[in-house]
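Visitor: Quick one: the structure is below, and I'll ask about it shortly.
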Amino acid sequence: MNLADLAWPELGERRLLAVPLGATEQHGPHLPYTVDTEIAVELCRRLAEARPEVVVAPPLPYGSSGEHAGFPGTLSIGQEVTELLVVELVRSADAFAGVLLVCAHGGNAAPLRRAVAKLRYEGRNVRAWCPDGPADDTHAGRLETSVMLALRPEAVRVDRFEAGATRPLPELIGRLRDEGVRGVSPNGVLGDPAGATAEAGRATLRRWADALLEAAAAVAKDGIM
């Protein structure tokens with residue numbers, strides 16, 4: 001059930017709102033700018049299929065992507081605006097029994113964490129959920145490439161696969177903060193897309209969807225649905 005398709009009398013009462021949070025940022029030479037948004041939307045779609053009380057909000061396609069500013073086309077609203085936007089968005093959703101923020105962009109993690117802490121302090125039933133992944137494959141590598149091959153294979157430029165920085169993220173985080181992604185990976189990839197397959201992407205999506213269902217159950221429980 002998509003909020004964008006409904007008129008207000010069709011909404012009903014005390015439903016769970018799932019909000020897909022993504023980004024518009026470079027994903028290497030082989031993936032589109034919309035990877036994170038597309039993943040968040042798909043996971044929310046699967047959640048709504050599994051739980052009929054879930055309503056999926058229109059996605060937020062911009063986030064905190066300043067670390068990718070060295071690549072043309074990346075559009076970022078920064079950490080402060082991301083945090084404030086999430087706070088005000090959830091404050092406006094009090095008609096729902098709870099809000100689940102489904103975030104597929106790692107750069108949103110810090111502002112999202114602060115926003116959720118503030119909202120829960122205010123007594124609102126809100127949680128954030130983010131998909132997991134290996135520390136040495138965090139951006140446009142095998143994991144995300146496989147998922148995109150499962151979701152929208154025509155958007156994957158398979159002839160442009162290139163390895164990027166393959167050291168684990170904890171070893172790169174200092175330089176990433178100081179120099180941005182371009183400083184550690186000239187092609188924008190943190191990982192290596194080689195070996196990506198649609199089958200692996202489908203398996204990852206199933207695993208993430210199962211984990212998201214657990215998060216939704218916790219929000220529903222808090223909202224006494």
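All residue names refer to the structure tokens as shown: chains lettered A, B, ... in order, residues numbered from 1 in each chain, ligands numbered from 1 in order.
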Give me the residues of segment 86-135 of chain A that have any atom at most 12 Å from an atom of segment 186-198 of chain A; for each, the nearest atom pair and the distance in Å, rounded to one decimal. Use only C-alpha atoms, sort by chain and number, and format it as a tab-separated table.
Guide:
residue	atom	partner	partner_atom	distance
A:Gly133	CA	A:Gly191	CA	11.1
A:Pro134	CA	A:Gly191	CA	9.4
A:Ala135	CA	A:Gly191	CA	9.0
Visitor: Using C-alpha atoms, can you write the selected residues to a file as a CSV table (one decimal), in the first residue's frame?
Guide:
chain,number,residue,atom,x,y,z
A,133,GLY,CA,27.1,-5.6,4.5
A,134,PRO,CA,30.8,-6.6,4.7
A,135,ALA,CA,33.3,-3.9,5.8
Visitor: Report as a tab-separated table the residues of segment 77-148 of chain A within 8 Å of segment 37-54 of chain A, each with its shortest atom pair and distance in Å (one decimal), using only C-alpha atoms, ordered by chain and increasing residue number.
Guide:
residue	atom	partner	partner_atom	distance
A:Val102	CA	A:Ala40	CA	6.0
A:Cys103	CA	A:Ala40	CA	6.1
A:Ala104	CA	A:Ala40	CA	5.4
A:His105	CA	A:Thr37	CA	7.9
A:Val147	CA	A:Ile39	CA	7.9
Visitor: Now that the selection is made, can you save its residues with N, CA and C atoms as a PDB file, in the first residue's frame?
Guide:
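Final output, selection15.pdb:
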ATOM      1  N   VAL A 102      13.506   3.332   6.771  1.00  0.00           N
ATOM      2  CA  VAL A 102      14.286   2.291   6.094  1.00  0.00           C
ATOM      3  C   VAL A 102      15.347   2.981   5.256  1.00  0.00           C
ATOM      4  N   CYS A 103      16.572   2.960   5.764  1.00  0.00           N
ATOM      5  CA  CYS A 103      17.650   3.759   5.170  1.00  0.00           C
ATOM      6  C   CYS A 103      18.686   2.869   4.502  1.00  0.00           C
ATOM      7  N   ALA A 104      18.900   3.077   3.202  1.00  0.00           N
ATOM      8  CA  ALA A 104      19.869   2.275   2.457  1.00  0.00           C
ATOM      9  C   ALA A 104      21.129   3.060   2.108  1.00  0.00           C
ATOM     10  N   HIS A 105      21.315   4.212   2.742  1.00  0.00           N
ATOM     11  CA  HIS A 105      22.505   5.033   2.500  1.00  0.00           C
ATOM     12  C   HIS A 105      23.292   5.197   3.787  1.00  0.00           C
ATOM     13  N   VAL A 147      22.747  -6.678  -6.046  1.00  0.00           N
ATOM     14  CA  VAL A 147      21.370  -6.275  -5.749  1.00  0.00           C
ATOM     15  C   VAL A 147      20.767  -5.529  -6.932  1.00  0.00           C
TER      16      VAL A 147
END
Visitor: Hey, what's within 10 Å of His30 of chain A if we count only C-alpha atoms and toss same-chain stuff fewer than 2 positions away? As number ranges by chain, please?
Guide: A: 26-28, 32-33, 140-141, 145, 155-162, 187, 189, 193
Visitor: Produce a file of the selected residues containing C-alpha atoms, as a PDB file, in the first residue's frame.
Guide:
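Generated output (selection.pdb):
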ATOM      1  CA  GLN A  26      27.710   8.476  -7.561  1.00  0.00           C
ATOM      2  CA  HIS A  27      28.016   4.698  -7.434  1.00  0.00           C
ATOM      3  CA  GLY A  28      31.139   4.081  -9.427  1.00  0.00           C
ATOM      4  CA  PRO A  32      23.228   4.754 -11.331  1.00  0.00           C
ATOM      5  CA  TYR A  33      22.957   7.580  -8.814  1.00  0.00           C
ATOM      6  CA  ALA A 140      29.212   0.020  -5.478  1.00  0.00           C
ATOM      7  CA  GLY A 141      31.061  -3.245  -4.937  1.00  0.00           C
ATOM      8  CA  THR A 145      26.027  -4.475  -7.854  1.00  0.00           C
ATOM      9  CA  ALA A 155      20.910  -0.036 -15.260  1.00  0.00           C
ATOM     10  CA  VAL A 156      24.140  -1.955 -14.559  1.00  0.00           C
ATOM     11  CA  ARG A 157      27.023  -1.219 -16.947  1.00  0.00           C
ATOM     12  CA  VAL A 158      28.674  -4.630 -16.760  1.00  0.00           C
ATOM     13  CA  ASP A 159      31.412  -3.566 -19.176  1.00  0.00           C
ATOM     14  CA  ARG A 160      32.600  -0.916 -16.707  1.00  0.00           C
ATOM     15  CA  PHE A 161      33.295  -3.077 -13.668  1.00  0.00           C
ATOM     16  CA  GLU A 162      36.388  -1.803 -11.845  1.00  0.00           C
ATOM     17  CA  ASN A 187      36.592   5.648  -9.436  1.00  0.00           C
ATOM     18  CA  VAL A 189      34.018   2.274  -5.625  1.00  0.00           C
ATOM     19  CA  PRO A 193      31.992  -5.517  -8.351  1.00  0.00           C
TER      20      PRO A 193
END
Visitor: Please identify which residues in segment 5-215 of chain A DSSP calls alpha helix (DSSP H) from the backbone, and express them as a PyMOL selection string.
Guide: chain A and resi 35-50+78-91+109-121+142-151+169-184+198-215
Visitor: Tell me which of A:Gly223, A:Gly70, A:Gly201, A:Gly22 sits closest to Leu151 of chain A, counting only C-alpha atoms.
Guide: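 Of the candidates, the smallest distance to Leu151 of chain A is held by A:Gly201.
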Visitor: Just the strand (DSSP E) stuff from segment 8-217 of chain A, please, per backbone DSSP, written as a ChimeraX atom specification.
Guide: /A:16-21,54-56,98-103,126-129
Visitor: Take atom CA of Glu67 of chain A and atom CA of Ala150 of chain A and report the distance between them in Å, one decimal.
Guide: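 Value for the atom CA of Glu67 of chain A-atom CA of Ala150 of chain A distance: 26.8 Å.
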Visitor: Might you pull out every residue within 12 Å of segment 7-15 of chain A, with only C-alpha atoms counted and same-chain residues fewer than 3 positions away left off, and present them as a CSV table (one decimal) with N, CA and C atoms, in the first residue's frame?
Guide:
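Generated output (around36.csv):
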chain,number,residue,atom,x,y,z
A,1,MET,N,0.8,-1.2,0.0
A,1,MET,CA,0.0,0.0,0.0
A,1,MET,C,0.9,1.3,0.0
A,2,ASN,N,0.8,2.0,-1.1
A,2,ASN,CA,1.6,3.2,-1.2
A,2,ASN,C,0.8,4.5,-0.9
A,3,LEU,N,1.3,5.3,0.0
A,3,LEU,CA,0.6,6.5,0.4
A,3,LEU,C,0.4,7.4,-0.8
A,4,ALA,N,1.3,7.4,-1.8
A,4,ALA,CA,1.1,8.2,-3.0
A,4,ALA,C,-0.1,7.8,-3.8
A,18,ALA,N,6.1,3.2,6.7
A,18,ALA,CA,7.5,2.9,6.3
A,18,ALA,C,8.0,4.0,5.4
A,48,ALA,N,5.6,-4.2,2.9
A,48,ALA,CA,4.2,-4.0,2.8
A,48,ALA,C,3.4,-5.2,2.2
A,51,ARG,N,3.2,-7.4,5.4
A,51,ARG,CA,2.4,-6.9,6.5
A,51,ARG,C,1.4,-5.9,5.9
A,52,PRO,N,0.2,-6.3,5.8
A,52,PRO,CA,-0.8,-5.5,5.2
A,52,PRO,C,-1.1,-4.2,5.9
A,53,GLU,N,-0.7,-4.0,7.2
A,53,GLU,CA,-1.0,-2.8,7.9
A,53,GLU,C,0.1,-1.7,7.6
A,54,VAL,N,1.1,-2.1,6.8
A,54,VAL,CA,2.2,-1.1,6.4
A,54,VAL,C,1.7,-0.2,5.3
A,55,VAL,N,2.0,1.1,5.4
A,55,VAL,CA,1.8,2.0,4.4
A,55,VAL,C,3.2,2.6,4.0
A,56,VAL,N,3.5,2.6,2.7
A,56,VAL,CA,4.9,3.1,2.3
A,56,VAL,C,4.8,4.5,1.8
A,57,ALA,N,5.6,5.4,2.5
A,57,ALA,CA,5.6,6.8,2.1
A,57,ALA,C,6.4,6.9,0.8
A,93,ALA,N,3.8,12.7,11.4
A,93,ALA,CA,3.2,11.4,11.2
A,93,ALA,C,2.5,10.8,12.4
A,94,ASP,N,2.1,11.7,13.4
A,94,ASP,CA,1.5,11.2,14.6
A,94,ASP,C,0.2,10.4,14.4
A,95,ALA,N,-0.4,10.5,13.2
A,95,ALA,CA,-1.7,9.8,12.9
A,95,ALA,C,-1.4,8.3,12.8
A,96,PHE,N,-0.1,7.9,12.6
A,96,PHE,CA,0.2,6.5,12.4
A,96,PHE,C,0.6,5.9,13.7
A,97,ALA,N,0.5,4.6,13.8
A,97,ALA,CA,0.8,3.9,15.1
A,97,ALA,C,2.4,3.9,15.3
A,98,GLY,N,3.1,4.0,14.3
A,98,GLY,CA,4.6,4.0,14.4
A,98,GLY,C,5.2,4.3,13.0
A,99,VAL,N,6.5,4.7,13.0
A,99,VAL,CA,7.2,5.0,11.8
A,99,VAL,C,8.5,4.2,11.8
A,100,LEU,N,8.7,3.6,10.7
A,100,LEU,CA,9.9,2.8,10.5
A,100,LEU,C,10.7,3.5,9.3
A,125,ASN,N,6.9,6.7,18.6
A,125,ASN,CA,7.2,5.4,18.2
A,125,ASN,C,7.9,5.3,16.9
A,216,ALA,N,10.1,-4.2,11.9
A,216,ALA,CA,8.7,-3.7,11.8
A,216,ALA,C,7.9,-4.3,12.9
A,219,VAL,N,8.4,-2.2,16.0
A,219,VAL,CA,7.6,-1.0,15.9
A,219,VAL,C,6.2,-1.2,16.2
A,220,ALA,N,5.6,-2.3,15.6
A,220,ALA,CA,4.2,-2.6,15.7
A,220,ALA,C,3.9,-2.9,17.2
A,223,GLY,N,3.7,0.1,19.2
A,223,GLY,CA,2.5,0.9,18.9
A,223,GLY,C,1.2,0.1,19.3
A,224,ILE,N,1.4,-1.1,19.8
A,224,ILE,CA,0.2,-1.9,20.3
A,224,ILE,C,-0.8,-2.0,19.1
A,225,MET,N,-0.2,-2.5,18.0
A,225,MET,CA,-1.1,-2.7,16.8
A,225,MET,C,-1.7,-4.1,16.8
Visitor: Tell me, as a VMD selection string, which residues lie within 10 Å of segment 106-117 of chain A, counting only C-alpha atoms; anything in the same chain fewer than 2 positions away does not count.
Guide: chain A and resid 21 to 23 36 62 to 68 78 to 88 90 101 103 to 104 119 to 132 138 to 139
Visitor: So what do you get for atom CA of Trp208 of chain A versus atom CA of Gly164 of chain A, distance-wise?
Guide: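 Straight-line distance from atom CA of Trp208 of chain A to atom CA of Gly164 of chain A works out to 24.5 Å.
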Visitor: Just how far from atom CA of Ser146 of chain A is atom CA of Glu199 of chain A, in Å to one decimal?
Guide: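 Between these atoms lies a distance of 7.5 Å.
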Visitor: From the list A:Pro153, A:Leu172, A:Val181, A:Arg91, which residue is nearest Glu25 of chain A when using only C-alpha atoms?
Guide: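 When distances to Glu25 of chain A are compared using only C-alpha atoms, the smallest one comes from A:Val181.
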